[in-house]
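One file, my_file_8.cif, is given below (mmCIF, C-alpha atoms).
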data_target
#
loop_
_atom_site.label_atom_id
_atom_site.label_comp_id
_atom_site.auth_asym_id
_atom_site.auth_seq_id
_atom_site.Cartn_x
_atom_site.Cartn_y
_atom_site.Cartn_z
CA MET A 32 15.64 222.42 224.62
CA THR A 33 11.94 221.65 224.34
CA SER A 34 9.88 219.01 226.10
CA ALA A 35 9.20 215.75 224.27
CA GLU A 36 5.44 215.80 224.89
CA PRO A 37 4.32 218.32 222.23
CA THR A 38 6.81 216.86 219.76
CA ALA A 39 5.39 213.38 220.12
CA ALA A 40 1.84 214.66 219.87
CA LEU A 41 2.18 216.99 216.93
CA VAL A 42 5.12 215.92 214.72
CA PRO A 43 3.89 213.62 211.91
CA VAL A 44 4.06 209.97 212.98
CA GLU A 45 5.09 208.89 209.47
CA LEU A 46 8.60 210.13 210.25
CA ALA A 47 9.20 207.09 212.43
CA ALA A 48 7.35 204.67 210.20
CA GLU A 49 9.36 204.83 206.98
CA GLU A 50 10.69 201.43 205.93
CA ASP A 51 14.43 201.06 205.65
CA HIS A 52 15.41 199.09 202.57
CA SER A 53 18.79 200.69 201.83
CA LYS A 54 21.89 201.58 203.73
CA ARG A 55 21.72 204.87 205.56
CA GLU A 56 24.74 206.78 206.82
CA TRP A 57 23.62 208.09 210.19
CA LEU A 58 27.07 209.26 211.29
CA ARG A 59 27.40 211.34 208.13
CA ALA A 60 23.95 212.81 208.76
CA ILE A 61 24.67 213.65 212.42
CA LYS A 62 27.96 215.38 211.54
CA ALA A 63 26.17 217.37 208.83
CA ILE A 64 23.30 218.43 211.11
CA TYR A 65 25.89 219.73 213.60
CA ARG A 66 27.60 221.77 210.86
CA LEU A 67 24.21 223.01 209.63
CA ALA A 68 23.27 224.15 213.14
CA ARG A 69 26.46 226.22 213.25
CA ASN A 70 25.76 227.77 209.84
CA THR A 71 22.18 227.48 208.60
CA GLU A 72 23.18 229.03 205.27
CA ASP A 73 25.47 226.11 204.42
CA THR A 74 23.11 224.44 201.95
CA THR A 75 25.64 221.72 201.16
CA GLN A 76 25.02 220.23 204.61
CA VAL A 77 21.32 219.89 203.80
CA PHE A 78 22.18 217.73 200.82
CA GLU A 79 24.74 215.80 202.88
CA ILE A 80 21.88 214.79 205.17
CA LEU A 81 19.46 214.09 202.32
CA HIS A 82 21.98 211.86 200.57
CA ALA A 83 23.03 210.13 203.80
CA LEU A 84 19.45 209.18 204.70
CA SER A 85 17.91 208.80 201.27
CA GLY A 86 17.50 205.03 201.32
CA ASP A 87 15.15 204.03 198.52
CA ASN A 88 13.02 207.16 198.76
CA MET A 89 14.23 208.62 195.46
CA GLN A 90 13.45 205.38 193.67
CA LYS A 91 9.94 205.35 195.14
CA THR A 92 9.46 209.00 194.17
CA TYR A 93 10.56 208.25 190.63
CA GLU A 94 8.23 205.25 190.41
CA ARG A 95 5.34 207.40 191.60
CA VAL A 96 6.09 209.99 188.91
CA ALA A 97 6.41 207.30 186.23
CA ALA A 98 3.02 205.83 187.19
CA MET A 99 1.16 209.13 186.60
CA PRO A 100 0.03 210.26 183.12
CA GLU A 101 1.44 213.76 183.67
CA GLY A 102 4.66 212.24 184.97
CA GLN A 103 4.96 210.00 181.92
CA LYS A 104 4.58 213.07 179.73
CA LEU A 105 7.36 214.84 181.62
CA LEU A 106 9.66 211.84 181.24
CA ARG A 107 8.95 211.66 177.50
CA GLN A 108 9.50 215.37 176.84
CA ARG A 109 12.07 216.14 179.57
CA PRO A 110 11.37 219.90 179.71
CA SER A 111 14.01 221.94 181.54
CA LEU A 112 12.34 223.84 184.35
CA ASN A 113 15.64 225.55 185.10
CA ARG A 114 15.61 227.06 181.62
CA TYR A 115 12.62 229.16 182.65
CA LEU A 116 13.58 229.78 186.26
CA ASP A 117 17.05 231.00 185.29
CA ASP A 118 15.72 233.54 182.78
CA PRO A 119 14.92 236.77 184.69
CA ARG A 120 13.85 238.60 181.52
CA TYR A 121 11.24 235.96 180.80
CA LEU A 122 10.02 235.94 184.41
CA ALA A 123 9.85 239.75 184.47
CA SER A 124 7.67 239.67 181.35
CA LEU A 125 5.00 237.62 183.13
CA PRO A 126 1.90 239.29 184.64
CA GLU A 127 2.15 240.84 188.07
CA GLY A 128 0.95 238.38 190.70
CA SER A 129 1.75 235.36 188.55
CA LEU A 130 3.67 232.40 189.94
CA GLY A 131 6.68 233.28 187.78
CA ARG A 132 6.77 236.95 188.82
CA GLU A 133 6.37 236.07 192.49
CA TYR A 134 9.20 233.56 192.12
CA LEU A 135 11.42 236.23 190.54
CA GLU A 136 10.71 238.64 193.39
CA PHE A 137 11.46 235.92 195.95
CA MET A 138 14.79 235.03 194.34
CA THR A 139 15.78 238.67 193.80
CA ALA A 140 15.03 239.59 197.41
CA GLY A 141 17.22 236.76 198.67
CA GLU A 142 19.93 237.24 196.03
CA LEU A 143 19.42 233.59 195.12
CA THR A 144 19.99 231.71 191.87
CA PRO A 145 18.48 228.40 190.71
CA ASP A 146 21.96 226.97 190.17
CA GLY A 147 22.91 227.47 193.81
CA LEU A 148 20.98 224.44 195.05
CA ILE A 149 22.12 222.28 192.15
CA GLY A 150 25.75 223.12 192.87
CA ALA A 151 25.31 222.30 196.58
CA GLN A 152 23.78 218.94 195.67
CA ASP A 153 26.66 218.11 193.32
CA VAL A 154 29.17 218.79 196.11
CA ALA A 155 27.30 216.44 198.46
CA ARG A 156 27.06 213.79 195.75
CA GLU A 157 30.87 213.62 195.63
CA HIS A 158 30.84 212.35 199.23
CA ASP A 159 28.43 209.47 198.60
CA SER A 160 29.90 206.15 199.67
CA GLU A 161 28.53 204.36 196.61
CA PRO A 162 28.67 205.55 193.00
CA PRO A 163 25.37 206.86 191.61
CA SER A 164 23.28 204.21 189.89
CA ALA A 165 20.28 206.28 188.86
CA THR A 166 18.87 205.91 185.36
CA PRO A 167 18.63 209.10 183.26
CA ASP A 168 14.88 209.26 183.97
CA ARG A 169 15.35 208.96 187.71
CA PHE A 170 18.14 211.53 187.65
CA TYR A 171 15.79 213.88 185.77
CA VAL A 172 13.16 213.51 188.52
CA GLU A 173 15.77 214.08 191.23
CA ARG A 174 17.03 217.27 189.57
CA ARG A 175 13.48 218.46 189.00
CA LEU A 176 12.81 218.16 192.71
CA VAL A 177 15.81 220.36 193.47
CA GLU A 178 14.80 222.90 190.82
CA GLN A 179 11.31 223.17 192.35
CA HIS A 180 12.48 223.87 195.90
CA ASP A 181 12.23 227.67 195.77
CA LEU A 182 9.00 227.47 193.78
CA TRP A 183 7.56 225.55 196.71
CA HIS A 184 8.54 228.45 198.98
CA VAL A 185 6.42 230.72 196.79
CA LEU A 186 3.53 228.27 196.61
CA SER A 187 3.55 227.64 200.35
CA GLY A 188 4.18 231.26 201.33
CA TYR A 189 7.01 230.34 203.70
CA GLY A 190 9.95 232.74 203.69
CA MET A 191 13.67 232.25 203.15
CA ASP A 192 14.52 232.83 206.83
CA ASP A 193 15.38 229.79 208.97
CA THR A 194 11.80 229.41 210.19
CA GLY A 195 10.47 229.59 206.63
CA GLU A 196 13.01 227.01 205.49
CA LEU A 197 11.93 224.74 208.31
CA ALA A 198 8.24 225.09 207.42
CA ASN A 199 9.04 224.48 203.76
CA LEU A 200 10.90 221.30 204.74
CA TRP A 201 7.79 220.04 206.56
CA PHE A 202 5.71 220.97 203.51
CA SER A 203 8.18 219.04 201.33
CA TYR A 204 8.21 216.08 203.72
CA GLY A 205 4.45 215.94 203.34
CA GLN A 206 4.97 215.65 199.60
CA PHE A 207 7.38 212.73 199.43
CA SER A 208 8.46 211.62 202.93
CA GLN A 209 12.24 211.74 202.49
CA LEU A 210 13.71 210.63 205.83
CA GLY A 211 16.65 213.06 205.69
CA MET A 212 14.24 215.93 205.11
CA GLY A 213 12.14 214.83 208.06
CA PHE A 214 15.29 214.51 210.20
CA ILE A 215 16.33 218.10 209.49
CA ALA A 216 12.79 219.36 210.04
CA LEU A 217 12.45 217.52 213.35
CA MET A 218 15.82 218.72 214.67
CA GLY A 219 14.95 222.29 213.71
CA THR A 220 11.50 222.05 215.26
CA VAL A 221 12.74 220.94 218.67
CA ASP A 222 15.13 223.92 218.54
CA GLY A 223 12.14 226.27 218.38
CA PRO A 224 9.85 227.74 221.05
CA VAL A 225 8.43 225.49 223.77
CA GLU A 226 4.88 226.32 222.72
CA LEU A 227 2.05 224.22 221.32
CA GLU A 228 1.37 226.93 218.76
CA TRP A 229 4.84 226.39 217.31
CA TYR A 230 4.29 222.66 216.84
CA ARG A 231 0.84 223.25 215.42
CA PHE A 232 2.32 225.66 212.88
CA MET A 233 4.81 223.05 211.67
CA ARG A 234 2.19 220.33 211.69
CA GLU A 235 0.02 222.50 209.45
CA ALA A 236 2.95 223.03 207.08
CA TYR A 237 3.28 219.24 206.81
CA ARG A 238 -0.46 218.80 206.28
CA ARG A 239 -0.49 221.36 203.47
CA GLY A 240 2.25 219.48 201.64
CA LYS A 241 0.54 216.14 202.10
CA ALA A 242 -2.83 217.46 200.92
CA ALA A 243 -1.39 219.10 197.79
CA LYS A 244 -1.13 217.40 194.43
CA PHE A 245 2.16 215.63 193.70
CA LEU A 246 4.17 218.66 192.64
CA VAL A 247 7.23 216.96 191.16
CA ALA A 248 4.98 215.49 188.45
CA THR A 249 3.33 218.86 187.77
CA PRO A 250 4.25 220.77 184.58
CA MET A 251 5.37 223.87 186.47
CA GLU A 252 6.66 225.44 183.25
CA GLU A 253 3.07 225.83 182.09
CA LEU A 254 1.91 227.36 185.37
CA LEU A 255 4.46 230.16 185.67
CA PRO A 256 2.34 232.73 183.76
CA LEU A 257 -0.81 232.02 185.83
CA PRO A 258 -1.93 233.98 188.91
CA LEU A 259 -0.41 232.52 192.06
CA ASP A 260 -3.81 232.20 193.76
CA ASP A 261 -5.14 230.23 190.80
CA VAL A 262 -2.12 227.92 190.80
CA ARG A 263 -2.59 227.21 194.50
CA ARG A 264 -6.22 226.27 193.88
CA MET A 265 -5.25 224.03 190.95
CA LEU A 266 -2.65 222.24 193.08
CA ASP A 267 -4.80 221.96 196.23
CA ILE A 268 -2.44 224.12 198.27
CA SER A 269 -4.37 226.02 200.93
CA PRO A 270 -3.62 229.77 200.96
CA PRO A 271 -1.26 230.83 203.78
CA SER A 272 -3.95 233.16 205.17
CA GLU A 273 -6.28 230.17 205.54
CA ALA A 274 -3.68 227.72 206.85
CA HIS A 275 -2.13 230.25 209.23
CA PRO A 276 -4.78 232.90 210.02
CA GLY A 277 -2.60 234.40 212.74
CA GLY A 278 0.22 235.05 210.27
CA VAL A 279 3.32 233.20 209.10
CA LEU A 280 5.98 232.67 211.77
CA THR A 281 9.45 234.03 211.05
CA GLY A 282 12.89 234.18 212.64
CA ASP A 283 16.54 233.33 211.98
CA ARG A 284 18.40 231.08 214.37
CA LYS A 285 21.26 233.50 215.12
CA THR A 286 19.23 236.70 215.38
CA ASP A 287 15.59 236.44 216.48
CA GLY A 288 15.68 232.68 217.08
CA ILE A 289 13.69 230.14 215.11
CA GLY A 290 10.00 230.92 215.30
CA ARG A 291 10.59 233.98 217.46
CA GLY A 292 10.70 236.73 214.85
CA PRO A 293 7.77 239.02 214.07
CA ARG A 294 4.81 237.42 212.34
CA ARG A 295 4.50 238.06 208.64
CA LEU A 296 1.01 238.75 207.34
CA ALA A 297 -0.09 235.68 205.40
CA ALA A 298 -0.78 236.46 201.73
#

Structure rendered as structure tokens:
Amino acid sequence: MTSAEPTAALVPVELAAEEDHSKREWLRAIKAIYRLARNTEDTTQVFEILHALSGDNMQKTYERVAAMPEGQKLLRQRPSLNRYLDDPRYLASLPEGSLGREYLEFMTAGELTPDGLIGAQDVAREHDSEPPSATPDRFYVERRLVEQHDLWHVLSGYGMDDTGELANLWFSYGQFSQLGMGFIALMGTVDGPVELEWYRFMREAYRRGKAAKFLVATPMEELLPLPLDDVRRMLDISPPSEAHPGGVLTGDRKTDGIGRGPRRLAA
């Protein structure tokens, strides 16, 4: 266990400030966080928590997308990001160092598929206490968020280990302040080292997400062929080497321990 002092000082205060307009299922979330702690690879539990604590966040996210010119274009055209991300031949044809090629290497190294997250979300959706009421446009935005998750790993430079997932959650929380996402990130953070450096690392991950452009409204399909460094500049995402000059923290919960693995040189 870690002391409460660094957590209170360095974890984003917005986590406690989110308004509650909709019913939230805290018992469902607590049961899921317990199961996730026992098996951090059980992605379904992540979506159990996100759905349990969603409140009206998804509606607000959709409204934000719909208010932006680029978001309005996405809603009119409804491009399928998954069509590109699930096409390894297309991704392999892209220039070395491009966002798409880096994404392909990330997914190949982890033996991951874009459909894996979507399937986990669908399983969690079956446990929702109320039937889904989302409009087709809002559902499109929700699915697009899920499809972008691993792209955000590539953009942020955080790995697929438990520490990287935690940092990517803070980055994502900075983007759209979903309470369930913040809940998972906070629980994982207090399970890490009792060191100020650890909390500063996670705070920086949050700050990077908050400072970046609103990614869910970004036409990622058009950016896949571009150099990753250029895409980061376009989207106001600070390079990992600048955000974390000492290197990116690593570590899996059951082996090294969260945040206790060897540092990975920031790219």

Check: To one decimal place, how far is CA of Ala243 in chain A from CA of Val185 in chain A in Å?
Finding: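 Going from CA of Ala243 in chain A over to CA of Val185 in chain A, I get 14.0 Å.
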
Check: Smallest atom-to-atom distance to Gly190 in chain A: which of A:Gly290, A:Gly277, A:Pro256, A:Gly86, using all atoms listed in the file?
Finding: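 Counting all atoms listed in the file, the residue closest to Gly190 in chain A is A:Gly290.
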
Output check: residues returned by the PyMOL selection byres ((chain A and resi 127-129) around 8), as a tab-separated table (two decimals) with C-alpha atoms, keeping the file's coordinate frame:
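Saved result, out-v2.tsv, follows:
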chain	number	residue	atom	x	y	z
A	125	LEU	CA	5.00	237.62	183.13
A	126	PRO	CA	1.90	239.29	184.64
A	130	LEU	CA	3.67	232.40	189.94
A	131	GLY	CA	6.68	233.28	187.78
A	132	ARG	CA	6.77	236.95	188.82
A	133	GLU	CA	6.37	236.07	192.49
A	255	LEU	CA	4.46	230.16	185.67
A	256	PRO	CA	2.34	232.73	183.76
A	257	LEU	CA	-0.81	232.02	185.83
A	258	PRO	CA	-1.93	233.98	188.91
A	259	LEU	CA	-0.41	232.52	192.06

Notebook entry, point to check: A:Lys244, A:His275, A:Lys104, A:Lys285: which is nearest Val262 in chain A, counting only C-alpha atoms?
Noted result: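 Residue with the minimum atom-to-atom distance to Val262 in chain A: A:Lys244.
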
Checklist line | Shell of 9 Å around range 192-207 of chain A, only C-alpha atoms, local chain residues under 4 positions omitted, as a ChimeraX atom specification | finding: /A:43,46,71-72,88-89,91-92,180,183-184,187-188,212-213,215-217,219-220,223,232-247,279-284,288-292

Notebook entry, point to check: Do you have the CA of Ile61 in chain A-CA of Asp87 in chain A distance handy?
Noted result: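 A separation of 19.4 Å between them.
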
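Between CA of Pro270 in chain A and CA of Pro119 in chain A the interatomic distance comes to 25.6 Å.
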
Next item on the list: Please write the residues picked by the PyMOL selection byres ((chain A and resi 56) around 10) on this file as a list in words.
Entry: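 Matching residues under the PyMOL selection byres ((chain A and resi 56) around 10) are Ser53, Lys54, Arg55, Trp57, Leu58, Arg59, Ala60, Ile61, Glu79, Ile80, His82, Ala83, Leu84, Ser85, Gly86, Asp159 and Ser160 of chain A.
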
Margin query: Within 12 Å of (19.0, 239.4, 190.9) in the file's own coordinates, which protein, DNA or RNA residues have an atom, counting only C-alpha atoms? List them as a VMD selection string.
Written below: chain A and resid 116 to 120 122 to 123 134 to 145

Atoms added to range 208-232 of chain A (N, CA and C atoms), reported as a short mmCIF file (atom, residue, chain, number, x, y, z; two decimals), in the coordinates of the input:
data_model
loop_
_atom_site.label_atom_id
_atom_site.label_comp_id
_atom_site.auth_asym_id
_atom_site.auth_seq_id
_atom_site.Cartn_x
_atom_site.Cartn_y
_atom_site.Cartn_z
N SER A 208 8.01 212.40 201.77
CA SER A 208 8.46 211.62 202.93
C SER A 208 9.91 211.17 202.87
N GLN A 209 10.82 212.07 202.50
CA GLN A 209 12.24 211.74 202.49
C GLN A 209 12.75 211.81 203.93
N LEU A 210 13.33 210.71 204.43
CA LEU A 210 13.71 210.63 205.83
C LEU A 210 14.70 211.72 206.23
N GLY A 211 15.68 212.02 205.37
CA GLY A 211 16.65 213.06 205.69
C GLY A 211 15.98 214.41 205.86
N MET A 212 14.99 214.68 205.01
CA MET A 212 14.24 215.93 205.11
C MET A 212 13.48 216.00 206.42
N GLY A 213 12.85 214.88 206.79
CA GLY A 213 12.14 214.83 208.06
C GLY A 213 13.07 214.97 209.25
N PHE A 214 14.29 214.42 209.13
CA PHE A 214 15.29 214.51 210.20
C PHE A 214 15.68 215.95 210.43
N ILE A 215 15.97 216.68 209.35
CA ILE A 215 16.33 218.10 209.49
C ILE A 215 15.17 218.89 210.08
N ALA A 216 13.96 218.63 209.57
CA ALA A 216 12.79 219.36 210.04
C ALA A 216 12.53 219.09 211.53
N LEU A 217 12.67 217.85 211.94
CA LEU A 217 12.45 217.52 213.35
C LEU A 217 13.48 218.18 214.25
N MET A 218 14.77 218.11 213.86
CA MET A 218 15.82 218.72 214.67
C MET A 218 15.61 220.23 214.78
N GLY A 219 15.20 220.85 213.67
CA GLY A 219 14.95 222.29 213.71
C GLY A 219 13.73 222.63 214.55
N THR A 220 12.72 221.78 214.52
CA THR A 220 11.50 222.05 215.26
C THR A 220 11.74 222.01 216.76
N VAL A 221 12.50 221.02 217.23
CA VAL A 221 12.74 220.94 218.67
C VAL A 221 13.68 222.04 219.15
N ASP A 222 14.29 222.77 218.20
CA ASP A 222 15.13 223.92 218.54
C ASP A 222 14.31 225.20 218.63
N GLY A 223 13.02 225.10 218.38
CA GLY A 223 12.14 226.27 218.38
C GLY A 223 11.50 226.51 219.73
N PRO A 224 10.50 227.39 219.78
CA PRO A 224 9.85 227.74 221.05
C PRO A 224 9.17 226.54 221.70
N VAL A 225 9.13 226.55 223.02
CA VAL A 225 8.43 225.49 223.77
C VAL A 225 6.97 225.91 223.90
N GLU A 226 6.28 225.88 222.76
CA GLU A 226 4.88 226.32 222.72
C GLU A 226 4.11 225.41 221.77
N LEU A 227 2.88 225.06 222.17
CA LEU A 227 2.05 224.22 221.32
C LEU A 227 1.78 224.90 219.98
N GLU A 228 1.64 226.20 220.00
CA GLU A 228 1.37 226.93 218.76
C GLU A 228 2.47 226.69 217.72
N TRP A 229 3.71 226.61 218.20
CA TRP A 229 4.84 226.39 217.31
C TRP A 229 4.72 225.03 216.62
N TYR A 230 4.42 224.00 217.41
CA TYR A 230 4.29 222.66 216.84
C TYR A 230 3.07 222.56 215.93
N ARG A 231 2.03 223.25 216.28
CA ARG A 231 0.84 223.25 215.42
C ARG A 231 1.15 223.92 214.08
N PHE A 232 1.94 224.97 214.12
CA PHE A 232 2.32 225.66 212.88
C PHE A 232 3.07 224.71 211.96
#
